[in-house]
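Working notes, beginning with the structure itself.
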Amino acid sequence: MTDAANLTRKTITVGAGTLARGIAIIHRAARKKTSGPAFVWLGGYRSDMTGTKAVELDALAGELGLSSIRFDYSGHGASGGAFRDGTISRWLEEAIAVLDDIGPKRVILVGSSMGGWITLRLVQELKKRKRAAKVDGIVLIAPAPDFTAELIEPMLTEVERQSLSERGYFEERSEYSTEPNIYTRDLIEDGRKNSVMTGIIETGCPVHILQGMKDPDVPYAHALKLVEFLPADDVVLTLIRDGDHRLSRPQDIEKLRSAVSALILND
C-alpha cells in the first residue's frame, strides 16, 4: 500500500440555503512531473469512499504517481445531508461540483453499481461544457444505469406501491447492512428524468465493464443490454462467472486494476 503523504481531506458546500450540504472529498495529488489522468471514484447506492474498491483504486493511483479523487454523495459516509433527500440529479450535481473544485484536466471515471449510472450522466453533462475535464476512459463495475425504472419499478409489490403512494418511500431488506434500503418516490421519479438507456450513449472514450454473473442485485443481462446502447465506443465486457455484486475479492480487485491500467496504456 502507498503512504498517505499526498492525501488531502476537505469538505465543499454544494447547493445553497436549505439545499446546502457538505460533500467530503479525499484527493490524492499526482507526483511532480507525472502526467496522466486523475482517477475519479463514483460509488454505489449507500456505499462510501472508504470501501475496498475505492481504496484500492486510490492505492493504484499512488503506485503510478497519478491523482485520484474520492468523495461521498450527500447522505453517504462522511458527507452531510439526508439520505432520503438523495436523487440521481442531486448526486450528479455533487459529482460535477467535486470535479469543478479539484479541476483535473483529464480523468478516468470508475463507477460502481449506481455510480455507473452517475458516470454516464456525468459524461453527458461534461460534453455540454466548453471547458471540462477530458474523459480518457471509463470502467464500470456491475453498472446499474436506470436501475429505478429497469430493476426496481417492474418488481414492486402492491404493498410497496402503496407505501410509495402513502408514505413517499418503501423499505427493502439489505444484504449488506442491518439497516434496510430506502427507495423514495422522489428517487424513482427523478430517475426517469435521468434515463440513459433510451438511445445511443456516446462517451467518446474506451469503456470496460466488469460484471459478475452471480450478481443478485444487477443481473448480468443488464450489462449486456447496456452494451447495446454503446455502439460508438470501444467497449470491453468482462463477465466474471462466479462474481457477485460487490466484486471486492482479491481476484476481482486485480481485474479492476488491470482494466484501469489498460486505459492508461491506451491513452
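Identifiers in the C-alpha cells: chain A, B, ... in order shown; residue index from 1 per chain; ligand index from 1 in order shown.
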
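Residues with any atom within 9 Å of stretch 209-211 of chain A, counting only C-alpha atoms and excluding same-chain neighbours fewer than 6 positions away, are Ile138, Val139, Leu140, Ile141, Ala142, Pro143, Val218, Pro219, Tyr220, Ala223, Val227, Val235, Val236, Leu237, Thr238, Leu239, Ile240, Arg241, Gly243, Asp244, His245, Leu247, Asp252, Lys255, Leu256 and Ala259 of chain A.
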
Those selected residues, please, written with N, CA, C and O atoms and delivered as a compact mmCIF listing (two decimals), in the first residue's frame.
# COMPACT_ATOMS: atom_id res chain seq x y z
N ILE A 138 -13.42 4.91 -19.18
CA ILE A 138 -14.42 4.62 -18.17
C ILE A 138 -14.34 3.14 -17.79
O ILE A 138 -14.24 2.28 -18.67
N VAL A 139 -14.39 2.86 -16.50
CA VAL A 139 -14.54 1.50 -16.00
C VAL A 139 -15.84 1.45 -15.20
O VAL A 139 -16.04 2.25 -14.28
N LEU A 140 -16.72 0.53 -15.55
CA LEU A 140 -17.99 0.37 -14.86
C LEU A 140 -18.02 -0.99 -14.18
O LEU A 140 -17.76 -2.01 -14.82
N ILE A 141 -18.32 -1.00 -12.89
CA ILE A 141 -18.34 -2.23 -12.10
C ILE A 141 -19.79 -2.55 -11.73
O ILE A 141 -20.44 -1.77 -11.03
N ALA A 142 -20.30 -3.66 -12.24
CA ALA A 142 -21.71 -4.02 -12.00
C ALA A 142 -22.61 -2.81 -12.20
O ALA A 142 -23.38 -2.43 -11.31
N PRO A 143 -22.52 -2.16 -13.37
CA PRO A 143 -23.22 -0.89 -13.57
C PRO A 143 -24.74 -1.04 -13.50
O PRO A 143 -25.30 -2.01 -13.99
N VAL A 218 -27.86 -6.74 -9.63
CA VAL A 218 -27.89 -6.26 -11.02
C VAL A 218 -27.59 -7.45 -11.91
O VAL A 218 -26.43 -7.84 -12.07
N PRO A 219 -28.60 -8.06 -12.51
CA PRO A 219 -28.40 -9.24 -13.36
C PRO A 219 -27.43 -8.92 -14.51
O PRO A 219 -27.43 -7.80 -15.03
N TYR A 220 -26.62 -9.90 -14.89
CA TYR A 220 -25.66 -9.62 -15.94
C TYR A 220 -26.33 -9.30 -17.27
O TYR A 220 -25.73 -8.68 -18.16
N ALA A 223 -26.06 -5.65 -17.97
CA ALA A 223 -24.81 -5.21 -18.58
C ALA A 223 -24.81 -5.49 -20.07
O ALA A 223 -24.33 -4.67 -20.87
N VAL A 227 -24.49 -2.60 -23.15
CA VAL A 227 -23.54 -2.62 -24.26
C VAL A 227 -24.21 -2.24 -25.58
O VAL A 227 -23.61 -1.57 -26.43
N VAL A 235 -15.87 -0.92 -26.49
CA VAL A 235 -16.38 -1.46 -25.24
C VAL A 235 -15.85 -2.88 -25.01
O VAL A 235 -15.93 -3.73 -25.90
N VAL A 236 -15.34 -3.11 -23.82
CA VAL A 236 -14.94 -4.45 -23.39
C VAL A 236 -15.85 -4.85 -22.23
O VAL A 236 -15.99 -4.09 -21.26
N LEU A 237 -16.47 -6.00 -22.34
CA LEU A 237 -17.31 -6.53 -21.26
C LEU A 237 -16.66 -7.78 -20.71
O LEU A 237 -16.48 -8.76 -21.43
N THR A 238 -16.30 -7.74 -19.44
CA THR A 238 -15.73 -8.91 -18.78
C THR A 238 -16.78 -9.50 -17.85
O THR A 238 -17.18 -8.87 -16.86
N LEU A 239 -17.26 -10.71 -18.18
CA LEU A 239 -18.21 -11.41 -17.33
C LEU A 239 -17.44 -12.34 -16.39
O LEU A 239 -16.63 -13.16 -16.85
N ILE A 240 -17.67 -12.19 -15.10
CA ILE A 240 -16.97 -12.98 -14.10
C ILE A 240 -17.95 -14.05 -13.61
O ILE A 240 -18.92 -13.75 -12.91
N ARG A 241 -17.68 -15.29 -14.00
CA ARG A 241 -18.67 -16.36 -13.83
C ARG A 241 -19.14 -16.51 -12.38
O ARG A 241 -20.33 -16.68 -12.12
N GLY A 243 -18.69 -14.20 -9.99
CA GLY A 243 -18.66 -12.89 -9.35
C GLY A 243 -20.01 -12.46 -8.80
O GLY A 243 -21.05 -12.72 -9.40
N ASP A 244 -19.99 -11.79 -7.62
CA ASP A 244 -21.22 -11.27 -7.02
C ASP A 244 -21.36 -9.80 -7.38
O ASP A 244 -20.74 -9.31 -8.33
N HIS A 245 -22.17 -9.07 -6.61
CA HIS A 245 -22.39 -7.66 -6.94
C HIS A 245 -21.21 -6.79 -6.51
O HIS A 245 -20.85 -5.86 -7.23
N LEU A 247 -17.94 -7.47 -6.15
CA LEU A 247 -16.68 -7.68 -6.88
C LEU A 247 -15.50 -7.09 -6.10
O LEU A 247 -14.70 -6.32 -6.65
N ASP A 252 -11.09 -10.10 -8.03
CA ASP A 252 -11.89 -9.05 -8.66
C ASP A 252 -11.14 -7.73 -8.67
O ASP A 252 -11.17 -7.00 -9.66
N LYS A 255 -8.71 -7.58 -11.44
CA LYS A 255 -9.36 -7.25 -12.72
C LYS A 255 -9.62 -5.76 -12.84
O LYS A 255 -9.48 -5.17 -13.91
N LEU A 256 -10.02 -5.15 -11.72
CA LEU A 256 -10.24 -3.71 -11.72
C LEU A 256 -8.95 -2.97 -12.00
O LEU A 256 -8.90 -2.06 -12.84
N ALA A 259 -8.02 -3.33 -15.64
CA ALA A 259 -8.88 -2.58 -16.54
C ALA A 259 -8.50 -1.09 -16.54
O ALA A 259 -8.40 -0.46 -17.60

task = Between A:Ser174, A:Ser248, A:Arg167, A:Glu202, single out the one closest to A:Glu125, counting only C-alpha atoms.
result = A:Glu202

task = Using DSSP on the backbone coordinates, identify all residues within stretch 76-156 of chain A classified as strand (DSSP E or B); present the result as a ChimeraX atom specification.
result = /A:106-112,134-141

message = When you look at A:Ile12 with a cut-off of 10 Å (counting only C-alpha atoms), what residues show up, excluding the ones that are within fewer than 2 positions of it in the same chain? I need them as a ChimeraX atom specification.
response = /A:10,14-15,20-25,79,94,97-98,101

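Atom CA of A:Ser113 to atom CA of A:Thr87 spans 14.7 Å [interatomic distance, one decimal].
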
All helix (DSSP H, G or I) residues (DSSP, backbone) inside stretch 40-266 of chain A, as a PyMOL selection string = chain A and resi 52-64+83-85+88-102+114-127+147-155+158-167+185-193+220-228+250-265

Generate a file of the selected residues that holds C-alpha atoms, formatted as an mmCIF file, in the first residue's frame.
data_model
loop_
_atom_site.group_PDB
_atom_site.id
_atom_site.type_symbol
_atom_site.label_atom_id
_atom_site.label_comp_id
_atom_site.auth_asym_id
_atom_site.auth_seq_id
_atom_site.Cartn_x
_atom_site.Cartn_y
_atom_site.Cartn_z
ATOM 1 C CA THR A 52 -12.401 -1.784 -0.649
ATOM 2 C CA LYS A 53 -12.612 -0.899 -4.341
ATOM 3 C CA ALA A 54 -12.327 2.851 -3.735
ATOM 4 C CA VAL A 55 -9.274 2.394 -1.511
ATOM 5 C CA GLU A 56 -7.630 0.004 -3.975
ATOM 6 C CA LEU A 57 -8.182 2.460 -6.841
ATOM 7 C CA ASP A 58 -6.547 5.191 -4.789
ATOM 8 C CA ALA A 59 -3.651 2.852 -3.972
ATOM 9 C CA LEU A 60 -3.143 2.158 -7.680
ATOM 10 C CA ALA A 61 -3.032 5.896 -8.369
ATOM 11 C CA GLY A 62 -0.398 6.253 -5.647
ATOM 12 C CA GLU A 63 1.719 3.470 -7.141
ATOM 13 C CA LEU A 64 1.561 5.136 -10.564
ATOM 14 C CA PHE A 83 -30.022 10.094 2.581
ATOM 15 C CA ARG A 84 -33.754 10.270 1.906
ATOM 16 C CA ASP A 85 -33.270 13.542 0.036
ATOM 17 C CA ILE A 88 -29.666 10.936 -9.238
ATOM 18 C CA SER A 89 -29.850 14.647 -10.123
ATOM 19 C CA ARG A 90 -28.682 15.651 -6.644
ATOM 20 C CA TRP A 91 -25.781 13.205 -6.556
ATOM 21 C CA LEU A 92 -24.813 14.118 -10.139
ATOM 22 C CA GLU A 93 -24.710 17.787 -9.129
ATOM 23 C CA GLU A 94 -22.305 16.840 -6.354
ATOM 24 C CA ALA A 95 -20.053 14.861 -8.698
ATOM 25 C CA ILE A 96 -19.829 17.862 -11.028
ATOM 26 C CA ALA A 97 -19.085 20.185 -8.096
ATOM 27 C CA VAL A 98 -16.252 17.927 -6.928
ATOM 28 C CA LEU A 99 -14.629 17.965 -10.372
ATOM 29 C CA ASP A 100 -15.067 21.737 -10.561
ATOM 30 C CA ASP A 101 -13.369 22.115 -7.184
ATOM 31 C CA ILE A 102 -10.371 19.848 -7.890
ATOM 32 C CA MET A 114 -25.386 3.200 -9.177
ATOM 33 C CA GLY A 115 -22.103 5.037 -9.686
ATOM 34 C CA GLY A 116 -22.091 3.583 -13.189
ATOM 35 C CA TRP A 117 -25.318 5.463 -13.895
ATOM 36 C CA ILE A 118 -23.930 8.683 -12.464
ATOM 37 C CA THR A 119 -20.753 8.165 -14.506
ATOM 38 C CA LEU A 120 -22.700 8.004 -17.763
ATOM 39 C CA ARG A 121 -24.764 11.066 -16.826
ATOM 40 C CA LEU A 122 -21.586 12.887 -15.812
ATOM 41 C CA VAL A 123 -20.072 12.267 -19.249
ATOM 42 C CA GLN A 124 -23.205 13.661 -20.884
ATOM 43 C CA GLU A 125 -23.056 16.786 -18.748
ATOM 44 C CA LEU A 126 -19.326 17.324 -19.297
ATOM 45 C CA LYS A 127 -19.875 17.196 -23.065
ATOM 46 C CA PHE A 147 -31.987 0.890 -12.103
ATOM 47 C CA THR A 148 -35.065 2.594 -10.688
ATOM 48 C CA ALA A 149 -37.085 2.070 -13.879
ATOM 49 C CA GLU A 150 -35.388 -1.097 -15.109
ATOM 50 C CA LEU A 151 -34.804 -3.092 -11.926
ATOM 51 C CA ILE A 152 -36.989 -1.668 -9.159
ATOM 52 C CA GLU A 153 -40.290 -0.494 -10.604
ATOM 53 C CA PRO A 154 -41.099 -3.720 -12.501
ATOM 54 C CA MET A 155 -40.623 -5.742 -9.277
ATOM 55 C CA GLU A 158 -48.666 -3.923 -4.157
ATOM 56 C CA VAL A 159 -47.586 -3.241 -0.578
ATOM 57 C CA GLU A 160 -44.511 -1.348 -1.810
ATOM 58 C CA ARG A 161 -46.561 0.641 -4.331
ATOM 59 C CA GLN A 162 -48.990 1.566 -1.602
ATOM 60 C CA SER A 163 -46.127 2.634 0.671
ATOM 61 C CA LEU A 164 -44.695 4.837 -2.087
ATOM 62 C CA SER A 165 -48.098 6.420 -2.602
ATOM 63 C CA GLU A 166 -48.947 6.970 1.054
ATOM 64 C CA ARG A 167 -45.556 7.472 2.734
ATOM 65 C CA ARG A 185 -40.806 8.383 -4.708
ATOM 66 C CA ASP A 186 -38.529 11.342 -5.494
ATOM 67 C CA LEU A 187 -35.656 8.988 -6.373
ATOM 68 C CA ILE A 188 -37.839 6.961 -8.719
ATOM 69 C CA GLU A 189 -39.447 9.966 -10.412
ATOM 70 C CA ASP A 190 -36.101 11.732 -10.774
ATOM 71 C CA GLY A 191 -34.611 8.529 -12.183
ATOM 72 C CA ARG A 192 -36.954 8.749 -15.169
ATOM 73 C CA LYS A 193 -35.598 12.220 -15.940
ATOM 74 C CA TYR A 220 -25.655 -9.618 -15.944
ATOM 75 C CA ALA A 221 -28.344 -9.304 -18.612
ATOM 76 C CA HIS A 222 -28.479 -5.627 -17.618
ATOM 77 C CA ALA A 223 -24.806 -5.205 -18.577
ATOM 78 C CA LEU A 224 -25.439 -6.970 -21.884
ATOM 79 C CA LYS A 225 -28.301 -4.561 -22.536
ATOM 80 C CA LEU A 226 -26.126 -1.563 -21.687
ATOM 81 C CA VAL A 227 -23.535 -2.625 -24.263
ATOM 82 C CA GLU A 228 -26.205 -2.310 -26.976
ATOM 83 C CA PRO A 250 -8.693 -10.150 -4.441
ATOM 84 C CA GLN A 251 -9.193 -11.648 -7.907
ATOM 85 C CA ASP A 252 -11.892 -9.055 -8.656
ATOM 86 C CA ILE A 253 -9.677 -6.201 -7.480
ATOM 87 C CA GLU A 254 -6.933 -7.451 -9.784
ATOM 88 C CA LYS A 255 -9.355 -7.254 -12.723
ATOM 89 C CA LEU A 256 -10.240 -3.712 -11.717
ATOM 90 C CA ARG A 257 -6.600 -2.690 -11.521
ATOM 91 C CA SER A 258 -5.901 -4.275 -14.904
ATOM 92 C CA ALA A 259 -8.878 -2.576 -16.538
ATOM 93 C CA VAL A 260 -7.887 0.875 -15.252
ATOM 94 C CA SER A 261 -4.206 0.358 -16.079
ATOM 95 C CA ALA A 262 -5.070 -0.688 -19.636
ATOM 96 C CA LEU A 263 -6.886 2.588 -20.199
ATOM 97 C CA ILE A 264 -3.737 4.474 -19.225
ATOM 98 C CA LEU A 265 -1.613 2.398 -21.569
#
